[in-house]
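**Q** First, the structure itself, so that you have it in front of you.
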There are 4 protein chains.
Amino acid sequence: MTITPPALSVFESLESEVRSYCRGWPAVFDRAQGARLTDEDGHSYLDFFAGAGSLNYGHNNPVLKRALIDYIERDGITHGLDMATTAKRAFLETFQNVILRPRDLPYKVMFPGPTGTNAVEAALKLARKVKGRESIVSFTNAFHGMSLGSLAVTGNAFKRAGAGIPLVHGTPMPFDNYLDGRVPDFLWFERLLEDQGSGLNKPAAVIVETVQGEGGINVARPEWLRALADLCRRRDMLLIVDDIQMGCGRTGAFFSFEEAGIVPDIVTVSKSISGYGLPLSLCLFKGELDVWEPGEHNGTFRGNNPAFVTATAALDAYWADGQMEKHTLARGEQVEQALLALCTEHGRLGASYRGRGLVWGLEFADPARASEVCARAFELGLLLETSGPQSEVVKLLPPLTITPEELDEGLRTLARAVAATV
Amino acid sequence: MTITPPALSVFESLESEVRSYCRGWPAVFDRAQGARLTDEDGHSYLDFFAGAGSLNYGHNNPVLKRALIDYIERDGITHGLDMATTAKRAFLETFQNVILRPRDLPYKVMFPGPTGTNAVEAALKLARKVKGRESIVSFTNAFHGMSLGSLAVTGNAFKRAGAGIPLVHGTPMPFDNYLDGRVPDFLWFERLLEDQGSGLNKPAAVIVETVQGEGGINVARPEWLRALADLCRRRDMLLIVDDIQMGCGRTGAFFSFEEAGIVPDIVTVSKSISGYGLPLSLCLFKGELDVWEPGEHNGTFRGNNPAFVTATAALDAYWADGQMEKHTLARGEQVEQALLALCTEHGRLGASYRGRGLVWGLEFADPARASEVCARAFELGLLLETSGPQSEVVKLLPPLTITPEELDEGLRTLARAVAATV
Amino acid sequence: MTITPPALSVFESLESEVRSYCRGWPAVFDRAQGARLTDEDGHSYLDFFAGAGSLNYGHNNPVLKRALIDYIERDGITHGLDMATTAKRAFLETFQNVILRPRDLPYKVMFPGPTGTNAVEAALKLARKVKGRESIVSFTNAFHGMSLGSLAVTGNAFKRAGAGIPLVHGTPMPFDNYLDGRVPDFLWFERLLEDQGSGLNKPAAVIVETVQGEGGINVARPEWLRALADLCRRRDMLLIVDDIQMGCGRTGAFFSFEEAGIVPDIVTVSKSISGYGLPLSLCLFKGELDVWEPGEHNGTFRGNNPAFVTATAALDAYWADGQMEKHTLARGEQVEQALLALCTEHGRLGASYRGRGLVWGLEFADPARASEVCARAFELGLLLETSGPQSEVVKLLPPLTITPEELDEGLRTLARAVAATV
Amino acid sequence: MTITPPALSVFESLESEVRSYCRGWPAVFDRAQGARLTDEDGHSYLDFFAGAGSLNYGHNNPVLKRALIDYIERDGITHGLDMATTAKRAFLETFQNVILRPRDLPYKVMFPGPTGTNAVEAALKLARKVKGRESIVSFTNAFHGMSLGSLAVTGNAFKRAGAGIPLVHGTPMPFDNYLDGRVPDFLWFERLLEDQGSGLNKPAAVIVETVQGEGGINVARPEWLRALADLCRRRDMLLIVDDIQMGCGRTGAFFSFEEAGIVPDIVTVSKSISGYGLPLSLCLFKGELDVWEPGEHNGTFRGNNPAFVTATAALDAYWADGQMEKHTLARGEQVEQALLALCTEHGRLGASYRGRGLVWGLEFADPARASEVCARAFELGLLLETSGPQSEVVKLLPPLTITPEELDEGLRTLARAVAATV
């Protein structure tokens, strides 16, 4: 495929230097369907990034599209703050019936503003209010967002430095396998908690991702998550699972923590919850933690009603039975086999892989190779991003609705891209 | 009008106690058009709140609706992170041609995540990075958002307490007329800055609203704003105008600071920028301040392409000539006359009013009366909210596109509601 | 007087660059008596600085010296932590009988470590514990010490910058007459407190000096102090008077706040409390505020028993009757008359003066003149220091026990030094 | 020995509840000599606490006493701020000749105020200024002082809570053997530093005690200290050794870090530096770190000249040759043998001991026993204190000048006290 360098002028002249993805993917995208995007020159790209996990049902999913257009056509409420609306009611009822009740999850639902970082900010506020403590424990290579509350529990030094103030009230602990198995899980954390002389400010809560997406596709074992949940319970700390990137089926089950059999105190959900890539986020918490005063946290776009409509349609269409999870796990096996073959073939690159459901990471001995692979993949018509503190991991995040054939096509393109960097 | 109490059960049982507007307006809204909402029982409400300023062009404006449906129908990119898209290009070009160039404004455009608070967080980060200082000066009764960075420069004690940590790095200064004219403008602020012994941590920036919406419809005089801009320039501080609620024509001109003839260093825009109530926000800053590294601030939904589409349509439809501003100012005079009449008639209530363009506040000697008036207005089919630290001000914020007749109807309803509380 | 440049080598080669007084007074001092120091070359200097207020009874006061030597000779406890000792008992009983009871002051006594900053740290901790709030209000040009807690409520920008971290949890308010009488006292402060939207974190306490020594000899009027005490009471804030430099008789009465007739909640005392220049400090507070747990604040040298001995002797010798206060006020009038004459004579220098008791400041239109005057005075055998944010004030702080003749001699030397700078 | 309950009335009625040692040792002490104190009733107590390490040369050491009285008699300067004095010069020259030069230590000397916490505050300020970073790493169970800067790097939760504000800018790391050898030294710390995604704010410095006195007599191995020094050098962090309690010969050598062969960047010294229990402290740092501006850190009592006099006499008398170190190590062996015998005898109490030089800790399986032992010891005429986060360790800290016979007497009394608790 030959790509004509697009006319980026207004992006370069008017948009801030802060833009990033457009630098690695120098095309002007115009339309999209399912797992494919098309740029204005008619070039087609297979999408293994899925809006950083926001497009689990693919681009412009036709089922959701129909519901969305119907709603707009009939002048349904678009902007509703936190007013009661029929669209919100339909979403709440569906979320309760399709998601919460079958899983016996005792959550209240808060709409904290339609971005992930806003959901994290709300979760941290609530935890601090409930426990009356300031400190939060997060994990190495965590990513929770870019506003100051969320950034303080995010690991990346470059992003932290952007705060322009010292980020305090957070303490990092080692994520699962961070020390290569040389230290018993939670030995350090538990010792700090039990020792009145440790110097650790007692945390209100622990915030964790079950799989760290931005941090390098680091997968926590179910037993590690269970031990963490147990530690939180014994030590009077709330457990917050940030399921913004890994929830909504990315790892198979609707919530990524279901596999471990734990019930977090607070859960943040965003990205794919609307199903259509529309901004929406939820903060879920056990009923007894609902100590908010009316209006204590708010936000202009927290009632994004078109997003309620597509979210409701997505839950109805994909989660009323167990097919979605089976499909995702099957596709995940397909990815795993391809990565195994790839790593075997390129043994001398020191390649390794890891993942769960449909989120996978491919790492090489040479950290720089990951970016090269993504660049080559783009030229071959495949959208792939890196992750990890040194951008050393190729991240595979295709839509969950991708067909086996599309997935196979993408994996073959990935193999070609890797081969081209040798 | 008789309103049947709506079935709120799922809202009460499943949604968090944090919900607020739905408590004052106990209806389940279903659809909306222009300045009117309709609940599921068919009751119609005239909207003098406009999504807290997010619906300047009314609900589901037909011009924007057409553009939006066309875009969705043709599978235009919905979720685009910060990738280059045709929809984003159209928006950038239109924003440049219709807004920036005619006003000779030297701004770069950043999409910091689609909520107002995210735009404020980005503005504060940038100011701190540019100046290498932590401290920010804000004003009494300011409102800038609910994430930790924005909340630290927000005045409301109840909302601040929700942070659960001490909010630091911000210092409040008196807003225009805060001390009833008994103190020369900026006497205290300038003295603190010039005195090396004052104890004020030197600020990186000052953040201000030209009219404080949440703070009680406090209107800064143009000369006060000019003096502030001058102070910032002399004292090496950046001036940030938070135009999230007052921008996009609310006060007449597109930017609320145009009347004063100042050019802030940084401007935040959100709420009505998409025109349709869809989440979108901008952070604008002078080109020489664009010191961001790629990806130093990001967010999943910063490329909300449907919002680019409606935003572009709104700029084209309403701002290509000067009619919008004239219309708004004319409607504003209509409001002012009605409020004058109302205050005159109810002189013994100690009523007063203030405002600019189409944002007005009505205050009574008894702070509690404002909430009573809003409650009565709701019963009479008019949506009105209070603002101010004690909810002591009735806030008038109708769509800018409201007709003279609708405006008149609403003002008469307001008068009835006031009369009913006497 | 001709001064041979002293051999400063070990000071220059081994002592840190942080040293400061020795730069303005380049002599190696060897011994001292009353108001005079003698350097190793036999030059004599009249002392108008008195150890920054630590030597109110003069150098090596013979009455205290006798008690001190007796105590050391008999192997009295020197270092006693917070153990009960006979020396501490004698001090406590004397302090109660001579100082607290006659003034009807309801204070408990805490020994928080023997430096002023430690007393301030203890006062701030206690206030925060009692009120459960973090924030403290201090005043422009305040000086309370150099450890991080005290430094956060100190005004000087140069000293604050030395912290190396942002100093937060403190907010400056205008000291008496800071805005040249153009603003009613406490207008701004009270407005911030009464307004729930002001953005001021509610303070646990207000800390104030009645006369700002380091800040430029700024004298608070009694009515201003009374209004402050009243404000604190009405607004549920503790009032801390830092009497470290102005207490122990410097302004006439033992406590500098007695003149105003107020009873602060917490008082810090240090500098001249031992009477002999030995390290000692007290933190006094109303009995109902004594919520300390045993050992919650401690320090190795808080039981400096030789200092108890000299402190007891000083109280007995100087405060058992009212002679000390009368003497100080009389000497103060002598200073005032001399400064009046000096300012009159040098009218074209734009000189002004202010003070109370035996603390006075002399300011010139040209800030740099103050340092010149001090340098000339040193050459003429008089030790004088500057104060104020720009070192623009000549500070007169002679021992309280200075004779009228010595005082006159010093004032005449000052006049010569001023004349020499014209 | 029968002890008549002392008349504590004025202590109980007037002194704050914060007092602590006097509660465990309910006597009113009157005089002291060497290793013995005498109360006002004539009871004699052997001192195994030595002013928490401030009386390494015993109470009222006759050599120092002579020098002190001579100085006072001749009206030597008592209070000297940071003026050059003959007493300070003598101290500086002696400190250089006796301590720094023979050890080839490249330090400048700063007098930061005469308490340990002030020296720590100065050390932290300097480290932050040199490196331009806010964060400091400390260790579990560290104790560095009670002012806010020092308290933030202190481990004890009870003392930290006293701050009344969240203590931030510090992160605890595991002290030597904290995790019982189950984790390689510095594995966690080094991993946090090398990983750009770890979330650790990069530290300006690491502050450490070679033996944690308050923390429970935790002894760092020389190889651990060397590895720490190496880590600091490789990772661009300053190494601060807080030698306030363990310096001045407590562990044998003058500085406790000499045994490990390391040269810290910054060293704090206090407690026994004056030799006589008089308040004095030093902050030592490598010459190239002396970036202080004149007066950037100061304090009223930093020139405590009587303390210079006794400090000089102590250095001359005890450190001009190597006898002191030999003596201390010999006495240490005497303690070790006694503790070995005691632990052997009381094997069923689960007793263990550890220490270096003349600082030793004795721990029992039952944490409460330590306090019981100290209470019994007091009744038997021996002053002993506990340490550790649960006060679970009996701390032995006799004067270094104690005779073998006195030491033996004390150890036998300790054995009796232990036996009495069985």
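For the structure tokens, the naming scheme is as follows: chains receive sequential letters (A, B, ...) according to their order of presentation, residues are indexed from 1 within each chain, and ligands are indexed from 1 in presentation order.
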Tell me as a list in words which residues belonging to chain B come within 12 Å of chain D, counting only C-alpha atoms.
**A** Gly132, Gly164, Ile165, Pro166, Leu167 and Val168 of chain B
**Q** Write out, as a short mmCIF file (atom, residue, chain, number, x, y, z; two decimals), in the first residue's frame, the residues just selected, with N, CA, C and O atoms.
**A**
```cif
data_model
loop_
_atom_site.label_atom_id
_atom_site.label_comp_id
_atom_site.auth_asym_id
_atom_site.auth_seq_id
_atom_site.Cartn_x
_atom_site.Cartn_y
_atom_site.Cartn_z
N GLY B 132 7.13 27.63 35.90
CA GLY B 132 7.94 26.93 36.90
C GLY B 132 7.55 27.26 38.33
O GLY B 132 8.37 27.24 39.23
N GLY B 164 -11.44 15.65 50.33
CA GLY B 164 -10.88 14.68 51.28
C GLY B 164 -9.40 14.86 51.55
O GLY B 164 -8.81 14.11 52.31
N ILE B 165 -8.80 15.83 50.91
CA ILE B 165 -7.42 16.22 51.22
C ILE B 165 -7.40 17.73 51.30
O ILE B 165 -8.28 18.39 50.75
N PRO B 166 -6.41 18.32 52.01
CA PRO B 166 -6.33 19.78 52.00
C PRO B 166 -6.03 20.26 50.59
O PRO B 166 -5.14 19.74 49.92
N LEU B 167 -6.79 21.23 50.14
CA LEU B 167 -6.56 21.80 48.81
C LEU B 167 -5.61 22.97 48.94
O LEU B 167 -5.93 23.98 49.58
N VAL B 168 -4.46 22.84 48.35
CA VAL B 168 -3.42 23.84 48.52
C VAL B 168 -2.96 24.37 47.17
O VAL B 168 -3.57 24.08 46.16
#
```
**Q** Could you give me, as a compact mmCIF listing (two decimals) with N, CA, C and O atoms, in the first residue's frame, each residue of segment 131-325 of chain D that DSSP assigns to helix (DSSP H, G or I) when run on this structure's backbone?
**A**
```txt
# COMPACT_ATOMS: atom_id res chain seq x y z
N LYS D 131 19.63 19.52 44.85
CA LYS D 131 19.12 18.63 43.80
C LYS D 131 17.88 19.18 43.09
O LYS D 131 17.47 18.62 42.06
N LEU D 148 8.08 19.95 61.54
CA LEU D 148 7.37 19.32 60.42
C LEU D 148 8.27 18.69 59.36
O LEU D 148 7.94 17.66 58.80
N GLY D 149 9.41 19.33 59.08
CA GLY D 149 10.30 18.75 58.09
C GLY D 149 10.86 17.42 58.54
O GLY D 149 10.88 16.44 57.80
N SER D 150 11.33 17.38 59.77
CA SER D 150 11.92 16.15 60.32
C SER D 150 10.86 15.08 60.56
O SER D 150 11.11 13.89 60.36
N LEU D 151 9.70 15.51 60.99
CA LEU D 151 8.64 14.55 61.31
C LEU D 151 8.17 13.81 60.07
O LEU D 151 7.77 12.65 60.12
N ALA D 157 3.94 6.34 63.89
CA ALA D 157 2.60 6.80 63.48
C ALA D 157 1.98 7.75 64.50
O ALA D 157 1.31 8.72 64.14
N PHE D 158 2.20 7.50 65.77
CA PHE D 158 1.65 8.36 66.82
C PHE D 158 2.25 9.75 66.73
O PHE D 158 1.54 10.78 66.78
N LYS D 159 3.55 9.81 66.56
CA LYS D 159 4.19 11.12 66.47
C LYS D 159 3.83 11.82 65.16
O LYS D 159 3.62 13.04 65.12
N ARG D 160 3.72 11.06 64.09
CA ARG D 160 3.33 11.66 62.80
C ARG D 160 1.93 12.26 62.89
O ARG D 160 1.67 13.34 62.35
N ALA D 161 1.04 11.56 63.56
CA ALA D 161 -0.34 12.05 63.65
C ALA D 161 -0.39 13.39 64.35
O ALA D 161 -1.28 14.21 64.11
N LEU D 187 16.48 -4.21 46.71
CA LEU D 187 15.82 -4.69 45.50
C LEU D 187 14.67 -3.77 45.12
O LEU D 187 14.55 -3.31 43.98
N TRP D 188 13.82 -3.48 46.09
CA TRP D 188 12.62 -2.67 45.86
C TRP D 188 13.00 -1.23 45.54
O TRP D 188 12.52 -0.63 44.58
N PHE D 189 13.89 -0.68 46.36
CA PHE D 189 14.30 0.72 46.19
C PHE D 189 14.93 0.93 44.80
O PHE D 189 14.56 1.84 44.06
N GLU D 190 15.84 0.07 44.46
CA GLU D 190 16.54 0.24 43.17
C GLU D 190 15.58 0.07 42.00
O GLU D 190 15.66 0.79 41.00
N ARG D 191 14.66 -0.87 42.12
CA ARG D 191 13.69 -1.11 41.04
C ARG D 191 12.81 0.13 40.85
O ARG D 191 12.52 0.53 39.72
N LEU D 192 12.40 0.74 41.95
CA LEU D 192 11.59 1.96 41.86
C LEU D 192 12.35 3.07 41.15
O LEU D 192 11.79 3.84 40.38
N LEU D 193 13.65 3.13 41.43
CA LEU D 193 14.45 4.21 40.85
C LEU D 193 14.71 4.00 39.37
O LEU D 193 14.75 4.94 38.59
N GLU D 194 14.91 2.75 38.98
CA GLU D 194 15.29 2.51 37.58
C GLU D 194 14.08 2.50 36.66
O GLU D 194 14.22 2.69 35.46
N PRO D 222 27.49 -2.95 58.14
CA PRO D 222 28.36 -2.09 57.33
C PRO D 222 28.16 -2.32 55.83
O PRO D 222 28.17 -1.36 55.06
N GLU D 223 27.97 -3.55 55.43
CA GLU D 223 27.83 -3.80 53.98
C GLU D 223 26.53 -3.22 53.45
O GLU D 223 26.43 -2.80 52.30
N TRP D 224 25.51 -3.18 54.31
CA TRP D 224 24.24 -2.55 53.91
C TRP D 224 24.44 -1.04 53.74
O TRP D 224 23.98 -0.45 52.76
N LEU D 225 25.16 -0.44 54.66
CA LEU D 225 25.44 1.00 54.55
C LEU D 225 26.27 1.30 53.31
O LEU D 225 26.04 2.30 52.63
N ARG D 226 27.23 0.44 53.04
CA ARG D 226 28.05 0.67 51.84
C ARG D 226 27.22 0.54 50.57
O ARG D 226 27.36 1.33 49.64
N ALA D 227 26.33 -0.44 50.57
CA ALA D 227 25.47 -0.60 49.39
C ALA D 227 24.54 0.60 49.24
O ALA D 227 24.25 1.04 48.12
N LEU D 228 24.09 1.13 50.36
CA LEU D 228 23.23 2.31 50.31
C LEU D 228 24.00 3.51 49.75
O LEU D 228 23.50 4.26 48.90
N ALA D 229 25.22 3.69 50.25
CA ALA D 229 26.04 4.80 49.76
C ALA D 229 26.29 4.66 48.26
O ALA D 229 26.25 5.64 47.50
N ASP D 230 26.51 3.43 47.85
CA ASP D 230 26.75 3.18 46.43
C ASP D 230 25.49 3.47 45.60
O ASP D 230 25.56 4.09 44.54
N LEU D 231 24.36 3.04 46.11
CA LEU D 231 23.08 3.30 45.43
C LEU D 231 22.85 4.81 45.28
O LEU D 231 22.45 5.29 44.21
N CYS D 232 23.11 5.55 46.34
CA CYS D 232 22.92 7.00 46.29
C CYS D 232 23.82 7.62 45.23
O CYS D 232 23.40 8.50 44.48
N ARG D 233 25.04 7.16 45.17
CA ARG D 233 25.97 7.73 44.19
C ARG D 233 25.52 7.41 42.78
O ARG D 233 25.47 8.28 41.90
N ARG D 234 25.14 6.15 42.56
CA ARG D 234 24.74 5.75 41.20
C ARG D 234 23.46 6.43 40.77
O ARG D 234 23.24 6.70 39.60
N GLU D 258 31.84 5.54 60.43
CA GLU D 258 33.25 5.26 60.10
C GLU D 258 33.51 3.77 59.91
O GLU D 258 34.26 3.37 59.02
N GLU D 259 32.88 2.97 60.73
CA GLU D 259 33.09 1.52 60.65
C GLU D 259 32.80 1.00 59.24
O GLU D 259 33.46 0.09 58.75
N ALA D 260 31.77 1.59 58.59
CA ALA D 260 31.40 1.12 57.25
C ALA D 260 32.30 1.68 56.17
O ALA D 260 32.25 1.24 55.02
N LYS D 271 23.01 16.24 70.28
CA LYS D 271 23.04 15.52 71.56
C LYS D 271 24.39 15.67 72.28
O LYS D 271 24.61 16.66 72.95
N SER D 272 25.33 14.73 72.08
CA SER D 272 26.55 14.75 72.88
C SER D 272 27.65 15.64 72.33
O SER D 272 28.75 15.63 72.86
N ILE D 273 27.37 16.42 71.30
CA ILE D 273 28.48 17.18 70.74
C ILE D 273 29.00 18.24 71.72
O ILE D 273 30.21 18.48 71.80
N GLY D 287 32.10 20.21 50.94
CA GLY D 287 32.28 21.60 50.56
C GLY D 287 31.52 22.01 49.31
O GLY D 287 30.95 23.11 49.25
N GLU D 288 31.45 21.12 48.35
CA GLU D 288 30.79 21.50 47.08
C GLU D 288 29.29 21.63 47.25
O GLU D 288 28.61 22.16 46.35
N LEU D 289 28.75 21.17 48.36
CA LEU D 289 27.31 21.31 48.61
C LEU D 289 26.98 22.61 49.34
O LEU D 289 25.81 22.89 49.61
N ASN D 305 27.61 29.76 72.84
CA ASN D 305 29.05 29.74 73.09
C ASN D 305 29.49 28.89 74.28
O ASN D 305 30.53 28.23 74.20
N PRO D 306 28.76 28.86 75.39
CA PRO D 306 29.16 27.93 76.46
C PRO D 306 29.23 26.49 75.95
O PRO D 306 30.09 25.71 76.37
N ALA D 307 28.34 26.14 75.02
CA ALA D 307 28.39 24.80 74.45
C ALA D 307 29.62 24.61 73.57
O ALA D 307 30.20 23.51 73.52
N PHE D 308 30.04 25.67 72.89
CA PHE D 308 31.31 25.57 72.13
C PHE D 308 32.46 25.26 73.09
O PHE D 308 33.35 24.48 72.77
N VAL D 309 32.42 25.91 74.24
CA VAL D 309 33.51 25.74 75.21
C VAL D 309 33.58 24.30 75.71
O VAL D 309 34.64 23.67 75.71
N THR D 310 32.44 23.75 76.10
CA THR D 310 32.47 22.37 76.61
C THR D 310 32.74 21.39 75.47
O THR D 310 33.40 20.37 75.68
N ALA D 311 32.24 21.70 74.29
CA ALA D 311 32.48 20.82 73.15
C ALA D 311 33.97 20.75 72.84
O ALA D 311 34.54 19.68 72.59
N THR D 312 34.60 21.91 72.86
CA THR D 312 36.05 21.96 72.60
C THR D 312 36.81 21.16 73.65
O THR D 312 37.71 20.36 73.33
N ALA D 313 36.43 21.35 74.90
CA ALA D 313 37.10 20.63 75.98
C ALA D 313 36.91 19.12 75.83
O ALA D 313 37.83 18.33 76.08
N ALA D 314 35.71 18.72 75.43
CA ALA D 314 35.43 17.29 75.28
C ALA D 314 36.27 16.69 74.15
O ALA D 314 36.82 15.59 74.29
N LEU D 315 36.35 17.40 73.05
CA LEU D 315 37.15 16.88 71.93
C LEU D 315 38.60 16.75 72.32
O LEU D 315 39.26 15.74 72.05
N ASP D 316 39.10 17.79 72.99
CA ASP D 316 40.50 17.76 73.44
C ASP D 316 40.77 16.62 74.41
O ASP D 316 41.77 15.93 74.32
N ALA D 317 39.85 16.46 75.35
CA ALA D 317 40.08 15.50 76.43
C ALA D 317 39.89 14.06 75.98
O ALA D 317 40.56 13.15 76.46
N TYR D 318 38.95 13.84 75.05
CA TYR D 318 38.57 12.45 74.78
C TYR D 318 38.92 11.95 73.39
O TYR D 318 38.89 10.75 73.15
N GLN D 323 41.87 6.38 72.59
CA GLN D 323 41.47 5.66 73.81
C GLN D 323 39.96 5.57 73.99
O GLN D 323 39.44 4.57 74.46
N MET D 324 39.29 6.61 73.64
CA MET D 324 37.84 6.64 73.86
C MET D 324 37.15 5.49 73.12
O MET D 324 36.32 4.79 73.67
N GLU D 325 37.52 5.34 71.85
CA GLU D 325 36.91 4.29 71.05
C GLU D 325 37.18 2.91 71.64
O GLU D 325 36.28 2.08 71.77
```
**Q** Tell me, as a list in words, which residues lie within 7 Å of segment 402-418 of chain B, counting only C-alpha atoms; anything in the same chain fewer than 3 positions away does not count.
**A**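 Result of the neighbour search: Ala35, Leu46, Arg331, Ala338, Leu342, Val373, Arg376, Ala377, Leu380, Leu382, Pro398, Pro399, Thr421 and Val422 of chain B.
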**Q** Contacts of segment 47-60 of chain C at 7 Å or less, counting only C-alpha atoms, minus same-chain residues fewer than 4 places along, as a VMD selection string?
**A** (chain C and resid 32 to 37 65 245 271 to 272 275 to 277 382 to 385 396 to 401) or (chain D and resid 75 79 to 81)
**Q** Do a neighbour search on segment 212-218 of chain D at 8 Å with only C-alpha atoms, toss out local chain neighbours closer than 2 positions, and write the hits as a PDB file with C-alpha atoms, in the first residue's frame.
**A**
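Once everything was written out, this is around.pdb:
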```pdb
ATOM      1  CA  GLY A 197       6.719   2.726  63.042  1.00  0.00           C
TER       2      GLY A 197
ATOM      3  CA  ASN D 141      11.230   3.106  62.131  1.00  0.00           C
ATOM      4  CA  ALA D 142      13.412   6.124  61.519  1.00  0.00           C
ATOM      5  CA  PHE D 143      13.381   8.974  64.026  1.00  0.00           C
ATOM      6  CA  ASP D 176      18.378  -3.314  57.015  1.00  0.00           C
ATOM      7  CA  GLU D 209      20.583   6.320  61.014  1.00  0.00           C
ATOM      8  CA  THR D 210      23.312   3.683  61.199  1.00  0.00           C
ATOM      9  CA  ALA D 220      22.533  -1.604  60.003  1.00  0.00           C
ATOM     10  CA  GLN D 245      22.070   9.851  68.666  1.00  0.00           C
ATOM     11  CA  MET D 246      24.748   7.463  67.397  1.00  0.00           C
ATOM     12  CA  ARG D 354      21.484  -6.514  69.571  1.00  0.00           C
ATOM     13  CA  GLY D 355      23.715  -3.475  69.563  1.00  0.00           C
ATOM     14  CA  VAL D 359      24.028   1.118  72.513  1.00  0.00           C
ATOM     15  CA  TRP D 360      22.137  -2.100  73.076  1.00  0.00           C
ATOM     16  CA  GLY D 361      18.596  -3.343  72.881  1.00  0.00           C
ATOM     17  CA  SER D 387      12.259   2.052  72.389  1.00  0.00           C
ATOM     18  CA  GLY D 388      10.699   0.591  69.262  1.00  0.00           C
ATOM     19  CA  PRO D 389       7.284   1.142  67.667  1.00  0.00           C
ATOM     20  CA  SER D 391       8.029   0.234  73.203  1.00  0.00           C
ATOM     21  CA  GLU D 392       9.038  -3.406  73.045  1.00  0.00           C
ATOM     22  CA  VAL D 393      12.797  -3.000  73.433  1.00  0.00           C
ATOM     23  CA  LYS D 395      17.384   0.305  75.496  1.00  0.00           C
TER      24      LYS D 395
END
```
**Q** Closest to Ala375 of chain A among A:Ala420, A:Ile99, A:Leu339, A:Ala253, using only C-alpha atoms?
**A**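 Under the stated criterion, the closest residue is A:Ala420.
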**Q** Apply DSSP to the structure's backbone, then extract all residues of segment 192-359 of chain D labelled strand (DSSP E) and return them as a PyMOL selection string.
**A** chain D and resi 203-208+211-212+218-219+238-242+266-269+282-286+352-356+359
**Q** Which residues are close to Ile69 of chain C, i.e. within 9 Å by only C-alpha atoms, leaving aside same-chain residues fewer than 3 positions away? Reply as a ChimeraX atom specification.
**A** /C:64-66,72-74 /D:69,72-73
**Q** Please compute the atom CA of Ser138 of chain A-atom CA of Thr117 of chain B distance, one decimal, in Å.
**A**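 Between atom CA of Ser138 of chain A and atom CA of Thr117 of chain B the gap is 23.2 Å.
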**Q** Closest to Arg103 of chain B among B:Phe254, B:Phe364, B:Phe11, B:Phe91, using only C-alpha atoms?
**A**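 That would be B:Phe254, the residue with the smallest distance to Arg103 of chain B.
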